[in-house]
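What's in entry.txt: compact mmCIF, C-alpha atoms
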# COMPACT_ATOMS: atom_id res chain seq x y z
CA MET A 1 -36.74 -29.70 -41.21
CA SER A 2 -36.83 -26.42 -39.29
CA THR A 3 -38.00 -23.14 -40.73
CA LYS A 4 -34.50 -21.72 -40.32
CA ARG A 5 -32.99 -24.48 -42.47
CA LEU A 6 -35.64 -23.95 -45.15
CA VAL A 7 -34.91 -20.23 -45.21
CA TYR A 8 -31.17 -20.76 -45.62
CA ILE A 9 -31.74 -23.32 -48.39
CA ALA A 10 -34.08 -20.91 -50.18
CA ILE A 11 -31.52 -18.10 -49.87
CA PHE A 12 -28.77 -20.12 -51.50
CA THR A 13 -31.13 -21.36 -54.21
CA ALA A 14 -31.91 -17.72 -55.01
CA LEU A 15 -28.21 -16.80 -54.92
CA THR A 16 -27.45 -19.62 -57.38
CA VAL A 17 -30.12 -18.26 -59.73
CA VAL A 18 -28.66 -14.75 -59.53
CA GLY A 19 -25.13 -16.07 -60.02
CA GLY A 20 -26.18 -17.82 -63.22
CA LEU A 21 -27.97 -14.80 -64.65
CA ILE A 22 -24.90 -12.61 -64.19
CA SER A 23 -22.51 -13.97 -66.81
CA VAL A 24 -20.00 -12.76 -69.38
CA PRO A 25 -19.29 -14.89 -72.50
CA ILE A 26 -15.69 -15.70 -73.44
CA PRO A 27 -15.17 -14.91 -77.16
CA PHE A 28 -14.69 -17.89 -79.51
CA THR A 29 -15.65 -20.43 -76.83
CA GLN A 30 -18.77 -22.17 -75.54
CA VAL A 31 -18.02 -21.01 -71.99
CA GLU A 32 -19.30 -18.04 -69.99
CA ILE A 33 -17.93 -16.49 -66.81
CA SER A 34 -20.47 -16.55 -63.98
CA LEU A 35 -20.54 -16.55 -60.19
CA GLN A 36 -22.39 -19.84 -59.92
CA THR A 37 -19.55 -22.18 -58.97
CA PRO A 38 -18.35 -20.09 -55.99
CA ILE A 39 -21.95 -19.72 -54.80
CA VAL A 40 -22.50 -23.48 -55.12
CA ILE A 41 -19.35 -24.17 -53.09
CA ALA A 42 -20.40 -21.56 -50.53
CA ALA A 43 -23.76 -23.32 -50.20
CA GLY A 44 -21.94 -26.49 -49.22
CA LEU A 45 -19.55 -24.75 -46.85
CA PHE A 46 -22.18 -22.73 -45.01
CA LEU A 47 -25.14 -25.12 -45.08
CA GLY A 48 -23.38 -28.48 -44.93
CA GLY A 49 -23.31 -31.23 -47.54
CA ILE A 50 -26.97 -32.26 -47.52
CA ASP A 51 -28.60 -28.84 -47.28
CA GLY A 52 -26.09 -27.28 -49.66
CA ALA A 53 -26.67 -29.97 -52.27
CA LEU A 54 -30.44 -29.65 -51.78
CA ALA A 55 -30.33 -25.89 -52.37
CA VAL A 56 -28.49 -26.38 -55.66
CA LEU A 57 -30.58 -29.39 -56.70
CA ILE A 58 -33.75 -27.31 -56.32
CA TYR A 59 -32.21 -24.77 -58.68
CA VAL A 60 -31.41 -27.45 -61.28
CA VAL A 61 -34.92 -28.93 -61.06
CA MET A 62 -36.48 -25.47 -61.44
CA GLY A 63 -34.54 -24.96 -64.66
CA LEU A 64 -35.39 -28.36 -66.09
CA LEU A 65 -39.08 -27.71 -65.38
CA GLY A 66 -38.91 -24.71 -67.69
CA LEU A 67 -38.21 -21.75 -65.43
CA PRO A 68 -35.63 -19.44 -67.08
CA VAL A 69 -33.12 -19.69 -64.26
CA PHE A 70 -30.21 -21.12 -66.26
CA THR A 71 -27.71 -18.89 -68.02
CA LYS A 72 -29.44 -19.41 -71.37
CA GLY A 73 -33.01 -20.06 -70.24
CA GLY A 74 -34.41 -23.38 -69.08
CA GLY A 75 -36.37 -26.46 -70.06
CA ILE A 76 -35.60 -30.16 -70.47
CA GLY A 77 -33.86 -29.41 -73.78
CA TYR A 78 -31.07 -27.78 -71.78
CA VAL A 79 -29.57 -31.23 -71.26
CA LEU A 80 -28.15 -30.93 -74.79
CA MET A 81 -26.30 -27.72 -73.96
CA PRO A 82 -22.51 -28.18 -73.61
CA SER A 83 -22.59 -26.46 -70.22
CA PHE A 84 -25.22 -28.76 -68.70
CA GLY A 85 -22.54 -31.04 -67.28
CA TYR A 86 -21.60 -28.32 -64.81
CA LEU A 87 -25.19 -28.22 -63.60
CA ILE A 88 -24.98 -31.97 -63.00
CA GLY A 89 -21.81 -31.48 -61.01
CA PHE A 90 -23.13 -28.58 -58.90
CA PRO A 91 -25.07 -30.61 -56.28
CA ILE A 92 -22.20 -33.11 -56.06
CA GLY A 93 -19.65 -30.33 -55.58
CA ALA A 94 -21.75 -28.65 -52.89
CA PHE A 95 -22.15 -31.96 -51.08
CA VAL A 96 -18.41 -32.75 -51.20
CA ALA A 97 -17.40 -29.31 -49.93
CA GLY A 98 -20.01 -29.33 -47.19
CA ALA A 99 -19.36 -32.90 -46.07
CA LEU A 100 -15.63 -32.29 -45.77
CA CYS A 101 -16.16 -29.04 -43.90
CA THR A 102 -18.66 -30.58 -41.49
CA ARG A 103 -16.28 -33.42 -40.59
CA MET A 104 -13.61 -30.97 -39.47
CA LYS A 105 -13.60 -30.32 -35.74
CA ARG A 106 -12.16 -26.87 -36.24
CA VAL A 107 -12.57 -25.14 -39.58
CA THR A 108 -10.01 -22.46 -40.40
CA ARG A 109 -10.03 -20.33 -43.51
CA GLY A 110 -7.37 -22.57 -45.04
CA ARG A 111 -9.30 -25.76 -44.34
CA ALA A 112 -12.50 -24.25 -45.72
CA PHE A 113 -10.57 -23.29 -48.86
CA VAL A 114 -9.26 -26.85 -49.28
CA ALA A 115 -12.80 -28.21 -48.84
CA GLY A 116 -14.00 -25.76 -51.48
CA LEU A 117 -11.30 -26.83 -53.93
CA CYS A 118 -12.25 -30.48 -53.38
CA GLY A 119 -15.85 -29.55 -54.13
CA MET A 120 -14.77 -27.92 -57.40
CA ILE A 121 -13.15 -31.13 -58.65
CA PRO A 122 -16.36 -33.08 -59.47
CA ILE A 123 -17.93 -29.95 -60.96
CA TYR A 124 -15.14 -29.45 -63.46
CA VAL A 125 -14.50 -33.12 -64.16
CA ILE A 126 -18.17 -33.78 -64.95
CA GLY A 127 -18.62 -30.43 -66.68
CA ALA A 128 -15.60 -30.68 -68.97
CA THR A 129 -16.30 -34.31 -69.86
CA TYR A 130 -19.94 -33.58 -70.67
CA GLN A 131 -19.00 -30.54 -72.76
CA VAL A 132 -16.55 -32.49 -74.91
CA LEU A 133 -19.02 -35.34 -75.43
CA ILE A 134 -21.89 -33.03 -76.41
CA LEU A 135 -19.73 -31.01 -78.79
CA TYR A 136 -18.28 -34.12 -80.39
CA TYR A 137 -21.30 -36.44 -80.65
CA TYR A 138 -24.25 -34.04 -80.82
CA THR A 139 -23.08 -30.86 -82.55
CA GLY A 140 -20.78 -32.72 -84.93
CA SER A 141 -17.62 -30.87 -83.97
CA THR A 142 -14.35 -32.63 -84.56
CA LEU A 143 -12.63 -34.06 -81.52
CA ALA A 144 -9.91 -31.42 -81.79
CA ALA A 145 -12.52 -28.65 -81.77
CA ALA A 146 -14.34 -30.23 -78.83
CA VAL A 147 -11.15 -30.50 -76.80
CA GLY A 148 -10.06 -27.03 -77.90
CA GLY A 149 -12.28 -25.37 -75.32
CA LEU A 150 -10.54 -27.00 -72.37
CA PRO A 151 -7.89 -24.26 -71.94
CA ALA A 152 -10.68 -21.72 -71.43
CA ILE A 153 -12.19 -24.02 -68.82
CA ALA A 154 -8.83 -24.08 -67.02
CA VAL A 155 -8.94 -20.28 -66.86
CA LEU A 156 -12.43 -20.44 -65.37
CA ALA A 157 -11.25 -22.96 -62.79
CA VAL A 158 -8.55 -20.57 -61.63
CA LYS A 159 -11.11 -17.76 -61.42
CA ASP A 160 -13.51 -19.92 -59.42
CA ALA A 161 -10.71 -21.06 -57.11
CA VAL A 162 -9.89 -17.43 -56.31
CA LEU A 163 -13.55 -16.62 -55.62
CA CYS A 164 -13.87 -19.73 -53.46
CA GLY A 165 -10.93 -18.34 -51.51
CA PHE A 166 -13.00 -15.25 -50.71
CA ALA A 167 -15.88 -17.46 -49.55
CA ALA A 168 -13.48 -19.44 -47.35
CA ALA A 169 -12.08 -16.21 -45.91
CA LEU A 170 -15.60 -15.19 -44.86
CA TYR A 171 -16.47 -18.63 -43.48
CA PRO A 172 -15.51 -18.17 -39.78
CA SER A 173 -17.12 -14.74 -39.51
CA VAL A 174 -20.36 -15.80 -41.21
CA CYS A 175 -20.65 -18.94 -39.08
CA ARG A 176 -20.14 -16.96 -35.87
CA ALA A 177 -22.73 -14.38 -36.92
CA THR A 178 -25.38 -16.88 -38.06
CA GLY A 179 -24.65 -19.98 -35.98
CA LEU A 180 -24.74 -22.12 -39.13
CA ARG A 181 -21.94 -24.50 -38.15
CA ARG A 182 -23.28 -24.81 -34.60
CA SER A 183 -26.74 -25.75 -35.87
CA ARG A 184 -25.23 -28.37 -38.19
CA ASN A 185 -23.32 -29.93 -35.33
CA VAL A 186 -26.48 -30.11 -33.25
CA ARG A 187 -28.24 -32.00 -36.07
CA LYS A 188 -25.39 -34.49 -36.21
CA GLU A 189 -25.56 -35.33 -32.50
CA LYS A 190 -27.64 -38.38 -31.67
CA PRO A 191 -30.15 -38.11 -28.82
CA ARG A 192 -28.86 -39.67 -25.65
CA THR A 193 -30.93 -42.14 -23.64
CA SER A 194 -31.27 -41.91 -19.89
CA SER A 195 -29.06 -44.98 -19.55
CA GLN A 196 -26.31 -43.30 -21.56
CA GLU A 197 -26.53 -40.21 -19.40
CA ASN A 198 -25.99 -42.37 -16.32
CA GLY A 199 -22.91 -43.95 -17.87
CA PHE A 200 -24.46 -47.15 -19.21
CA THR A 201 -24.94 -48.23 -22.81
CA ILE A 202 -27.79 -50.49 -23.86
Represent the structure of the file as structure tokens.
Amino acid sequence: MSTKRLVYIAIFTALTVVGGLISVPIPFTQVEISLQTPIVIAAGLFLGGIDGALAVLIYVVMGLLGLPVFTKGGGIGYVLMPSFGYLIGFPIGAFVAGALCTRMKRVTRGRAFVAGLCGMIPIYVIGATYQVLILYYYTGSTLAAAVGGLPAIAVLAVKDAVLCGFAAALYPSVCRATGLRRSRNVRKEKPRTSSQENGFTI
């Protein structure tokens, strides 16, 4: 892994930390508004599926090891928080968005936005399911109370979709300025043998 790739991974890990620390709670719910989901999707779009997922996975591991990088601290006990399901979905969402974007021969703003929305799907499916299960089985809430927070999650999904749209709008310009997409395509190319260069395949 090149130094440049490591630097970009570290940058998005740091951005994910910052995005989680900047949050606003929604009254009467277990949900908080943060910038994490758009940053996670951006990690996938700009770094590709593998590197984007790795950047976010490092963040999750840091929190589970006890570093206070999560919205409400850190530590292994965080797995019992209703919001931990979103953390589980973050690396998967980054990978999906990045993998879809990398497979496109030409990535427009619209296509990057669609890839970002696809990346949001596993984040919200896993996150919402985990939240309901934790509230119902662990905290003792009734099923109606556990499911009652889903409308607020829908509002957050709309907010994150809009912010992902901004990330998609910046995608072509950022890739041209940094060469991120070009470097990903170079990594995907397989080295050619001398026989292949002469028109023969072994």
I'd like the box whose edges run along x, y and z of the file and which contains every listed atom of region 18-26 of chain A, padded by 5 Å per side; could you state its centre and edge lengths in Å, one decimal, as JSON?
{"center_x": -22.2, "center_y": -15.2, "center_z": -66.5, "size_x": 23.0, "size_y": 15.2, "size_z": 23.9}
Note to self: Would you compute the distance between CA of Phe90 (chain A) and CA of Ile153 (chain A)? Give it in Å to one decimal.
What the structure shows: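 Between these atoms lies a distance of 15.5 Å.
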Notebook entry, point to check: Which is closer to Met62 (chain A) than all the others in A:Ile76, A:Ile92, A:Leu21, A:Cys164, using all atoms listed in the file?
Noted result: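 Under the stated criterion, the closest residue is A:Ile76.
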Next item on the list: One decimal, Å: what's the distance from CA of Gln36 (chain A) over to CA of Ala169 (chain A), could you say?
Entry: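 Rounded to one decimal, the two atoms are 17.8 Å apart.
Between CA of Leu15 (chain A) and CA of Leu135 (chain A) the interatomic distance comes to 29.0 Å.
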Notebook entry, point to check: Between A:Val69, A:Phe84, A:Thr102, A:Ala53, which is the closest to Leu180 (chain A) once you count only C-alpha atoms?
Noted result: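 Going through A:Val69, A:Phe84, A:Thr102, A:Ala53 one by one, the smallest distance to Leu180 (chain A) is for A:Thr102.
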Notebook entry, point to check: Pick from A:Phe166, A:Phe113, A:Tyr171, A:Phe70: nearest to Val56 (chain A), with all atoms listed in the file counted?
Noted result: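 So, comparing all the options, the nearest one is A:Phe70.
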Next item on the list: Measuring atom to atom with all atoms listed in the file, identify which of A:Ile22, A:Leu35, A:Ala115, A:Ala154 is nearest to Val96 (chain A).
Entry: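 Answer, going by the shortest atom-to-atom distance: A:Ala115.
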Next item on the list: Identify, on the basis of all atoms listed in the file, every residue whose closest approach to Leu65 (chain A) does not exceed 10 Å; exclude the query and any residue fewer than 2 positions from it along the same chain; express the result as a list in words.
Entry: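 Those residues are Val60, Val61, Met62, Gly63, Leu67, Pro68, Gly74, Gly75 and Ile76 of chain A.
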Quick test: take region 37-68 of chain A, keep N, CA and C atoms, and write it as a CSV table (one decimal), in the first residue's frame.
chain,number,residue,atom,x,y,z
A,37,THR,N,-22.7,9.9,8.2
A,37,THR,CA,-23.1,9.1,7.1
A,37,THR,C,-22.6,9.7,5.7
A,38,PRO,N,-22.8,11.0,5.5
A,38,PRO,CA,-22.3,11.6,4.2
A,38,PRO,C,-20.8,11.5,4.1
A,39,ILE,N,-20.0,11.6,5.2
A,39,ILE,CA,-18.6,11.4,5.2
A,39,ILE,C,-18.2,10.0,4.9
A,40,VAL,N,-19.0,9.0,5.5
A,40,VAL,CA,-18.7,7.6,5.2
A,40,VAL,C,-19.0,7.3,3.7
A,41,ILE,N,-20.0,7.8,3.1
A,41,ILE,CA,-20.3,7.6,1.7
A,41,ILE,C,-19.3,8.3,0.9
A,42,ALA,N,-18.8,9.5,1.3
A,42,ALA,CA,-17.8,10.2,0.5
A,42,ALA,C,-16.5,9.4,0.5
A,43,ALA,N,-16.2,8.7,1.7
A,43,ALA,CA,-15.0,7.9,1.7
A,43,ALA,C,-15.0,6.8,0.7
A,44,GLY,N,-16.2,6.2,0.5
A,44,GLY,CA,-16.3,5.2,-0.5
A,44,GLY,C,-16.2,5.7,-1.9
A,45,LEU,N,-16.9,6.9,-2.2
A,45,LEU,CA,-16.9,7.5,-3.5
A,45,LEU,C,-15.5,7.9,-3.9
A,46,PHE,N,-14.8,8.5,-3.0
A,46,PHE,CA,-13.5,9.1,-3.4
A,46,PHE,C,-12.3,8.1,-3.3
A,47,LEU,N,-12.4,7.2,-2.3
A,47,LEU,CA,-11.3,6.2,-2.1
A,47,LEU,C,-11.5,4.9,-2.8
A,48,GLY,N,-12.7,4.6,-3.2
A,48,GLY,CA,-13.0,3.3,-3.7
A,48,GLY,C,-13.6,2.4,-2.6
A,49,GLY,N,-14.1,1.2,-2.9
A,49,GLY,CA,-14.8,0.4,-1.9
A,49,GLY,C,-13.9,-0.1,-0.8
A,50,ILE,N,-12.7,-0.7,-1.2
A,50,ILE,CA,-11.8,-1.3,-0.2
A,50,ILE,C,-11.2,-0.2,0.7
A,51,ASP,N,-10.6,0.8,0.1
A,51,ASP,CA,-10.0,1.8,1.0
A,51,ASP,C,-11.0,2.6,1.8
A,52,GLY,N,-12.2,2.9,1.2
A,52,GLY,CA,-13.2,3.6,1.9
A,52,GLY,C,-13.7,2.9,3.1
A,53,ALA,N,-14.0,1.6,2.9
A,53,ALA,CA,-14.4,0.7,4.0
A,53,ALA,C,-13.3,0.6,5.1
A,54,LEU,N,-12.1,0.5,4.6
A,54,LEU,CA,-11.0,0.4,5.6
A,54,LEU,C,-10.9,1.7,6.4
A,55,ALA,N,-11.0,2.8,5.8
A,55,ALA,CA,-11.0,4.1,6.6
A,55,ALA,C,-12.0,4.1,7.7
A,56,VAL,N,-13.2,3.7,7.3
A,56,VAL,CA,-14.3,3.7,8.3
A,56,VAL,C,-14.2,2.6,9.3
A,57,LEU,N,-13.7,1.4,8.9
A,57,LEU,CA,-13.5,0.3,9.8
A,57,LEU,C,-12.4,0.7,10.9
A,58,ILE,N,-11.4,1.4,10.5
A,58,ILE,CA,-10.4,1.8,11.5
A,58,ILE,C,-11.0,2.7,12.5
A,59,TYR,N,-11.9,3.6,12.1
A,59,TYR,CA,-12.7,4.4,13.0
A,59,TYR,C,-13.5,3.6,14.0
A,60,VAL,N,-14.2,2.6,13.5
A,60,VAL,CA,-15.0,1.7,14.4
A,60,VAL,C,-14.2,1.0,15.4
A,61,VAL,N,-13.1,0.4,14.9
A,61,VAL,CA,-12.1,-0.3,15.8
A,61,VAL,C,-11.6,0.6,16.9
A,62,MET,N,-11.2,1.8,16.5
A,62,MET,CA,-10.7,2.8,17.5
A,62,MET,C,-11.7,3.0,18.6
A,63,GLY,N,-13.0,3.2,18.2
A,63,GLY,CA,-14.0,3.4,19.2
A,63,GLY,C,-14.2,2.2,20.2
A,64,LEU,N,-14.2,1.0,19.6
A,64,LEU,CA,-14.4,-0.2,20.4
A,64,LEU,C,-13.2,-0.4,21.3
A,65,LEU,N,-12.0,0.0,20.9
A,65,LEU,CA,-10.9,-0.1,21.8
A,65,LEU,C,-10.9,0.9,23.0
A,66,GLY,N,-11.8,1.8,23.0
A,66,GLY,CA,-11.9,2.7,24.1
A,66,GLY,C,-11.7,4.2,23.8
A,67,LEU,N,-11.2,4.5,22.6
A,67,LEU,CA,-11.0,5.9,22.3
A,67,LEU,C,-12.3,6.6,22.1
A,68,PRO,N,-12.5,7.8,22.7
A,68,PRO,CA,-13.8,8.5,22.7
A,68,PRO,C,-14.1,9.1,21.3
